[in-house]
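Notes follow the structure.
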Amino acid sequence: MPFKYHHPVPNHYNEPNPKKPKTQINSEEIEKFEKLAKEFGVDGIRYSKLSDDFKKEWDIDFDNVITLIYVISDDILKMEQSKEKAILLDDEFQDIGYDIYKLADFLRSLGFKADLLNPLDDRISLRAIAMQSNDCIILRSNMCLFKEGLASGFFQIATSIDNLPFKEENDMLWVSKYCEDCGNCIEKCPYDAYDEDEKVLKKVCLAHKEGCSICMIKCPFYKKGYEKVKKNFQIKMKE
């Protein structure tokens, strides 16, 4: 049965997890994994090593997570919000989601543990896990910005692999300062879907009900792209 991100994600694994998972991956295996991910429509990959404090905070027992990014189609994003638009977004998510299971199967076939994290699991924050990659940032709108683009969705695979190419420092932290001076996403929301602490009011926001993406469309990172916004910001800081 097709899965929707509005509902729990059923399992579509064809490979079982190994009884004694390997922890070390070689460069050739990583290269094959990343090539396969690209063939499946993945636009970017991030690797997160979760600290003991982070795992304790979220009450989780896995250490390593692969984030697989895809950029949502412009044609769908720019549609007026409606139930039809929400269905189209679901279908796009669904199409890529099936292939993410194939990526998990690929890792399992190599002897690694690989489990797709449920995007509806409220016990953990997939955005917070993505931040642990040191290669993304959470905006005031609570959306996760990657260098590939703002209008991005993502899946995550928890794995036994300990030697992934983890990034040590986050060079996107400047975005927080930029967001403080911007606020387009919140100010131009026609539904006042943010409370006084700028947290999304789920009962008001139409993102999941009708696929509303106004906060994305109004964001400079969507309009101009990450590199152009960064360049303009750096120029402004030097003035």
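By convention in this document, the chains of the structure tokens carry letters A, B, ... by their order, each chain's residues are numbered from 1, and ligands are numbered from 1 in the order they are shown.
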Per DSSP on the backbone, what are the helix (DSSP H, G or I) residues of stretch 2-207 of chain A, as a PyMOL selection string?
chain A and resi 27-39+52-58+74-77+83-109+126-131+174-181+184-187+207
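Using only C-alpha atoms, the protein and nucleic acid residues lying no more than 8 Å from A:Phe221, apart from those fewer than 5 places from it along its own chain, are Gly149, Leu150, Tyr226 and Val229 of chain A.
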Using only N, CA and C atoms, please write the residues we just selected to a file, as an mmCIF file, in the first residue's frame.
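Produced file part37.cif, reproduced below:
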```
data_model
loop_
_atom_site.group_PDB
_atom_site.id
_atom_site.type_symbol
_atom_site.label_atom_id
_atom_site.label_comp_id
_atom_site.auth_asym_id
_atom_site.auth_seq_id
_atom_site.Cartn_x
_atom_site.Cartn_y
_atom_site.Cartn_z
ATOM 1 N N GLY A 149 19.196 23.925 -1.085
ATOM 2 C CA GLY A 149 17.996 24.728 -1.242
ATOM 3 C C GLY A 149 17.116 24.688 -0.017
ATOM 4 N N LEU A 150 16.269 25.692 0.113
ATOM 5 C CA LEU A 150 15.331 25.738 1.231
ATOM 6 C C LEU A 150 14.180 24.767 1.013
ATOM 7 N N TYR A 226 21.121 29.795 -1.660
ATOM 8 C CA TYR A 226 21.997 29.950 -0.494
ATOM 9 C C TYR A 226 23.220 30.811 -0.782
ATOM 10 N N VAL A 229 22.519 34.654 -1.288
ATOM 11 C CA VAL A 229 22.145 35.309 -0.032
ATOM 12 C C VAL A 229 23.381 35.474 0.856
#
```
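Here the question is which of A:Asn118, A:Ser125, A:Ser176, A:Ser48 gets nearest to A:Ile161 using only C-alpha atoms, and that residue is A:Ser48.
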Name the residues in contact with stretch 75-88 of chain A at a cut-off of 12 Å, using only C-alpha atoms, excluding same-chain residues fewer than 6 positions from it; report them as number ranges by chain.
A: 3-6, 94-95, 150-153, 205-218, 222-223
With distances taken over only C-alpha atoms, which of A:Pro220, A:Gly97, A:Gly41, A:Pro16 is nearest to A:Leu145?
A:Pro220
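In this comparison, which uses only C-alpha atoms, the residue of A:Phe154, A:Phe54, A:Tyr191, A:Phe146 approaching A:Gly225 most closely is A:Phe146.
Minimum atom-to-atom distance to A:Asn170, evaluated using only C-alpha atoms, belongs to A:Met131 out of A:Pro190, A:Met131, A:Lys49, A:Leu126.
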What lies within 7 Å of A:Phe155 using only C-alpha atoms, ignoring chain neighbours under 3 positions off, as number ranges by chain?
A: 67-69
Would you mind exporting the chosen residues as a CSV table (one decimal), in the first residue's frame, restricted to N, CA, C and O atoms?
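Contents of result_14.csv, freshly written:
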```csv
chain,number,residue,atom,x,y,z
A,67,THR,N,21.4,11.6,6.4
A,67,THR,CA,20.3,12.4,5.9
A,67,THR,C,20.3,12.5,4.4
A,67,THR,O,21.4,12.8,3.8
A,68,LEU,N,19.2,12.2,3.8
A,68,LEU,CA,19.1,12.1,2.3
A,68,LEU,C,18.1,13.2,1.9
A,68,LEU,O,16.9,13.2,2.2
A,69,ILE,N,18.6,14.2,1.2
A,69,ILE,CA,17.9,15.4,0.9
A,69,ILE,C,17.3,15.4,-0.6
A,69,ILE,O,18.0,14.9,-1.5
```
If DSSP is run on the backbone, what residues of stretch 6-88 of chain A are strand (DSSP E)? A reply as a ChimeraX atom specification would be ideal.
/A:44-49,64-71
Can you spit out the residues from that selection as a CSV table (one decimal), in the first residue's frame, using all heavy atoms?
```
chain,number,residue,atom,x,y,z
A,44,GLY,N,21.2,15.7,-2.1
A,44,GLY,CA,22.3,15.9,-1.2
A,44,GLY,C,22.3,14.9,0.0
A,44,GLY,O,21.3,14.3,0.3
A,45,ILE,N,23.5,14.7,0.6
A,45,ILE,CA,23.7,13.7,1.7
A,45,ILE,C,24.4,14.4,2.8
A,45,ILE,O,25.4,15.1,2.6
A,45,ILE,CB,24.4,12.5,1.2
A,45,ILE,CG1,23.7,11.8,0.0
A,45,ILE,CG2,24.6,11.5,2.3
A,45,ILE,CD1,24.4,10.6,-0.5
A,46,ARG,N,24.0,14.1,4.0
A,46,ARG,CA,24.6,14.6,5.2
A,46,ARG,C,24.9,13.4,6.2
A,46,ARG,O,24.1,12.5,6.2
A,46,ARG,CB,23.8,15.7,5.9
A,46,ARG,CG,23.5,16.9,5.1
A,46,ARG,CD,24.7,17.8,4.8
A,46,ARG,NE,24.4,19.0,4.1
A,46,ARG,CZ,24.2,19.1,2.8
A,46,ARG,NH1,24.4,18.1,2.0
A,46,ARG,NH2,24.0,20.3,2.3
A,47,TYR,N,25.9,13.5,7.0
A,47,TYR,CA,26.3,12.5,7.9
A,47,TYR,C,26.3,13.1,9.3
A,47,TYR,O,27.1,14.0,9.6
A,47,TYR,CB,27.6,11.8,7.5
A,47,TYR,CG,27.6,11.2,6.1
A,47,TYR,CD1,28.2,11.8,5.1
A,47,TYR,CD2,26.9,10.0,5.9
A,47,TYR,CE1,28.3,11.3,3.8
A,47,TYR,CE2,26.9,9.4,4.6
A,47,TYR,CZ,27.6,10.1,3.6
A,47,TYR,OH,27.6,9.5,2.3
A,48,SER,N,25.5,12.5,10.2
A,48,SER,CA,25.5,13.0,11.6
A,48,SER,C,26.0,12.0,12.6
A,48,SER,O,25.6,10.8,12.6
A,48,SER,CB,24.1,13.4,12.0
A,48,SER,OG,23.5,14.4,11.2
A,49,LYS,N,27.0,12.4,13.4
A,49,LYS,CA,27.5,11.6,14.5
A,49,LYS,C,26.8,12.2,15.8
A,49,LYS,O,27.1,13.3,16.2
A,49,LYS,CB,29.0,11.7,14.7
A,49,LYS,CG,29.6,11.1,16.0
A,49,LYS,CD,29.4,9.6,16.1
A,49,LYS,CE,30.3,8.9,15.2
A,49,LYS,NZ,30.2,7.4,15.4
A,64,ASN,N,24.7,7.0,14.6
A,64,ASN,CA,25.1,7.5,13.3
A,64,ASN,C,23.9,7.6,12.4
A,64,ASN,O,23.1,6.7,12.3
A,64,ASN,CB,26.1,6.7,12.6
A,64,ASN,CG,27.2,6.3,13.6
A,64,ASN,OD1,28.0,7.1,14.1
A,64,ASN,ND2,27.3,5.0,13.9
A,65,VAL,N,23.7,8.8,11.7
A,65,VAL,CA,22.5,9.0,10.9
A,65,VAL,C,22.9,9.6,9.5
A,65,VAL,O,23.7,10.5,9.5
A,65,VAL,CB,21.5,9.9,11.5
A,65,VAL,CG1,20.3,10.1,10.6
A,65,VAL,CG2,21.0,9.3,12.9
A,66,ILE,N,22.3,9.0,8.5
A,66,ILE,CA,22.5,9.6,7.1
A,66,ILE,C,21.3,10.3,6.7
A,66,ILE,O,20.2,9.8,6.8
A,66,ILE,CB,22.8,8.4,6.1
A,66,ILE,CG1,24.0,7.6,6.5
A,66,ILE,CG2,23.0,9.0,4.7
A,66,ILE,CD1,24.2,6.4,5.6
A,67,THR,N,21.4,11.6,6.4
A,67,THR,CA,20.3,12.4,5.9
A,67,THR,C,20.3,12.5,4.4
A,67,THR,O,21.4,12.8,3.8
A,67,THR,CB,20.3,13.8,6.5
A,67,THR,OG1,20.2,13.7,8.0
A,67,THR,CG2,19.2,14.7,6.0
A,68,LEU,N,19.2,12.2,3.8
A,68,LEU,CA,19.1,12.1,2.3
A,68,LEU,C,18.1,13.2,1.9
A,68,LEU,O,16.9,13.2,2.2
A,68,LEU,CB,18.7,10.8,1.9
A,68,LEU,CG,19.6,9.7,2.3
A,68,LEU,CD1,18.9,8.4,2.6
A,68,LEU,CD2,20.7,9.4,1.2
A,69,ILE,N,18.6,14.2,1.2
A,69,ILE,CA,17.9,15.4,0.9
A,69,ILE,C,17.3,15.4,-0.6
A,69,ILE,O,18.0,14.9,-1.5
A,69,ILE,CB,18.8,16.7,1.0
A,69,ILE,CG1,19.5,16.7,2.3
A,69,ILE,CG2,18.0,18.0,0.7
A,69,ILE,CD1,20.7,17.6,2.3
A,70,TYR,N,16.1,15.8,-0.7
A,70,TYR,CA,15.6,16.0,-2.1
A,70,TYR,C,14.9,17.4,-2.1
A,70,TYR,O,14.3,17.8,-1.2
A,70,TYR,CB,14.6,14.9,-2.5
A,70,TYR,CG,13.3,14.9,-1.7
A,70,TYR,CD1,12.2,15.6,-2.3
A,70,TYR,CD2,13.1,14.3,-0.5
A,70,TYR,CE1,11.0,15.6,-1.6
A,70,TYR,CE2,11.9,14.4,0.2
A,70,TYR,CZ,10.8,15.0,-0.3
A,70,TYR,OH,9.7,15.0,0.3
A,71,VAL,N,15.0,18.1,-3.3
A,71,VAL,CA,14.5,19.4,-3.4
A,71,VAL,C,13.1,19.2,-4.0
A,71,VAL,O,12.9,18.6,-5.1
A,71,VAL,CB,15.4,20.3,-4.4
A,71,VAL,CG1,14.7,21.6,-4.6
A,71,VAL,CG2,16.8,20.4,-3.7
```
Write out as number ranges by chain which residues come within 9 Å of stretch 110-116 of chain A when counting only C-alpha atoms, dropping same-chain ones fewer than 5 positions away.
A: 11, 16-25, 29, 100-101, 103-105, 155-161
Write a file of the just-selected residues containing N, CA and C atoms, as a PDB file, in the first residue's frame.
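Saved result, out-v3.pdb, follows:
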```pdb
ATOM      1  N   ASN A  11       6.958  -0.597   6.541  1.00  0.00           N
ATOM      2  CA  ASN A  11       8.269  -1.081   6.121  1.00  0.00           C
ATOM      3  C   ASN A  11       8.229  -1.634   4.702  1.00  0.00           C
ATOM      4  N   PRO A  16      17.161  -8.178   5.430  1.00  0.00           N
ATOM      5  CA  PRO A  16      17.125  -8.095   6.892  1.00  0.00           C
ATOM      6  C   PRO A  16      18.386  -7.405   7.420  1.00  0.00           C
ATOM      7  N   ASN A  17      18.284  -6.830   8.596  1.00  0.00           N
ATOM      8  CA  ASN A  17      19.482  -6.291   9.232  1.00  0.00           C
ATOM      9  C   ASN A  17      20.419  -7.438   9.609  1.00  0.00           C
ATOM     10  N   PRO A  18      21.723  -7.274   9.448  1.00  0.00           N
ATOM     11  CA  PRO A  18      22.670  -8.336   9.820  1.00  0.00           C
ATOM     12  C   PRO A  18      22.664  -8.571  11.331  1.00  0.00           C
ATOM     13  N   LYS A  19      22.893  -9.795  11.738  1.00  0.00           N
ATOM     14  CA  LYS A  19      22.911 -10.120  13.166  1.00  0.00           C
ATOM     15  C   LYS A  19      24.118  -9.496  13.866  1.00  0.00           C
ATOM     16  N   LYS A  20      25.242  -9.429  13.135  1.00  0.00           N
ATOM     17  CA  LYS A  20      26.436  -8.796  13.677  1.00  0.00           C
ATOM     18  C   LYS A  20      26.869  -7.691  12.715  1.00  0.00           C
ATOM     19  N   PRO A  21      26.291  -6.507  12.867  1.00  0.00           N
ATOM     20  CA  PRO A  21      26.523  -5.427  11.902  1.00  0.00           C
ATOM     21  C   PRO A  21      27.977  -4.959  11.880  1.00  0.00           C
ATOM     22  N   LYS A  22      28.450  -4.661  10.700  1.00  0.00           N
ATOM     23  CA  LYS A  22      29.776  -4.061  10.530  1.00  0.00           C
ATOM     24  C   LYS A  22      29.704  -2.592  10.924  1.00  0.00           C
ATOM     25  N   THR A  23      30.844  -2.015  11.266  1.00  0.00           N
ATOM     26  CA  THR A  23      30.879  -0.608  11.672  1.00  0.00           C
ATOM     27  C   THR A  23      31.789   0.245  10.807  1.00  0.00           C
ATOM     28  N   GLN A  24      32.600  -0.388   9.955  1.00  0.00           N
ATOM     29  CA  GLN A  24      33.560   0.355   9.147  1.00  0.00           C
ATOM     30  C   GLN A  24      33.242   0.193   7.659  1.00  0.00           C
ATOM     31  N   ILE A  25      33.070   1.304   6.973  1.00  0.00           N
ATOM     32  CA  ILE A  25      32.782   1.287   5.549  1.00  0.00           C
ATOM     33  C   ILE A  25      33.998   1.814   4.791  1.00  0.00           C
ATOM     34  N   GLU A  29      32.695   1.647  -1.087  1.00  0.00           N
ATOM     35  CA  GLU A  29      31.302   1.395  -0.697  1.00  0.00           C
ATOM     36  C   GLU A  29      30.538   2.700  -0.528  1.00  0.00           C
ATOM     37  N   ILE A 100      14.367   5.186  -0.914  1.00  0.00           N
ATOM     38  CA  ILE A 100      15.179   5.287   0.298  1.00  0.00           C
ATOM     39  C   ILE A 100      15.268   3.930   0.990  1.00  0.00           C
ATOM     40  N   TYR A 101      14.173   3.167   0.934  1.00  0.00           N
ATOM     41  CA  TYR A 101      14.228   1.806   1.475  1.00  0.00           C
ATOM     42  C   TYR A 101      15.247   0.961   0.713  1.00  0.00           C
ATOM     43  N   LEU A 103      17.950   2.105  -0.567  1.00  0.00           N
ATOM     44  CA  LEU A 103      19.271   2.519  -0.084  1.00  0.00           C
ATOM     45  C   LEU A 103      19.598   1.846   1.244  1.00  0.00           C
ATOM     46  N   ALA A 104      18.595   1.727   2.117  1.00  0.00           N
ATOM     47  CA  ALA A 104      18.799   1.013   3.381  1.00  0.00           C
ATOM     48  C   ALA A 104      19.115  -0.455   3.101  1.00  0.00           C
ATOM     49  N   ASP A 105      18.400  -1.040   2.144  1.00  0.00           N
ATOM     50  CA  ASP A 105      18.673  -2.434   1.767  1.00  0.00           C
ATOM     51  C   ASP A 105      20.102  -2.600   1.247  1.00  0.00           C
ATOM     52  N   PHE A 155      14.876  12.391   4.163  1.00  0.00           N
ATOM     53  CA  PHE A 155      14.705  11.141   4.881  1.00  0.00           C
ATOM     54  C   PHE A 155      15.989  10.887   5.669  1.00  0.00           C
ATOM     55  N   GLN A 156      15.897  10.017   6.668  1.00  0.00           N
ATOM     56  CA  GLN A 156      17.091   9.702   7.452  1.00  0.00           C
ATOM     57  C   GLN A 156      17.177   8.209   7.727  1.00  0.00           C
ATOM     58  N   ILE A 157      18.419   7.702   7.655  1.00  0.00           N
ATOM     59  CA  ILE A 157      18.701   6.301   7.934  1.00  0.00           C
ATOM     60  C   ILE A 157      19.669   6.224   9.108  1.00  0.00           C
ATOM     61  N   ALA A 158      19.262   5.555  10.180  1.00  0.00           N
ATOM     62  CA  ALA A 158      20.163   5.280  11.301  1.00  0.00           C
ATOM     63  C   ALA A 158      20.984   4.049  10.938  1.00  0.00           C
ATOM     64  N   THR A 159      22.294   4.120  11.182  1.00  0.00           N
ATOM     65  CA  THR A 159      23.170   3.037  10.737  1.00  0.00           C
ATOM     66  C   THR A 159      24.266   2.724  11.755  1.00  0.00           C
ATOM     67  N   SER A 160      24.820   1.544  11.613  1.00  0.00           N
ATOM     68  CA  SER A 160      25.919   1.118  12.496  1.00  0.00           C
ATOM     69  C   SER A 160      27.270   1.665  12.047  1.00  0.00           C
ATOM     70  N   ILE A 161      27.328   2.335  10.906  1.00  0.00           N
ATOM     71  CA  ILE A 161      28.612   2.777  10.346  1.00  0.00           C
ATOM     72  C   ILE A 161      29.202   3.910  11.179  1.00  0.00           C
TER      73      ILE A 161
END
```
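Taking atom CA of A:Ile72 and atom CA of A:Glu92 as the two end points, the separation is 7.9 Å.
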Extract, using only C-alpha atoms, all DNA, RNA and protein residues at most 10 Å from A:Trp58, discarding same-chain residues fewer than 6 positions from it, and format them as a list of chain:residue names.
A:Arg123, A:Ile124, A:Ser125, A:Ala128, A:Ile129
Do you have the atom CA of A:Asp192-atom CA of A:Met143 distance handy?
16.3 Å
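Atom CA of A:Lys177 is positioned 9.8 Å from atom CA of A:Phe233.
Among the candidates A:Lys188, A:Asp99, A:Glu169, A:Arg108, the one nearest to A:Leu36 when counting only C-alpha atoms is A:Asp99.
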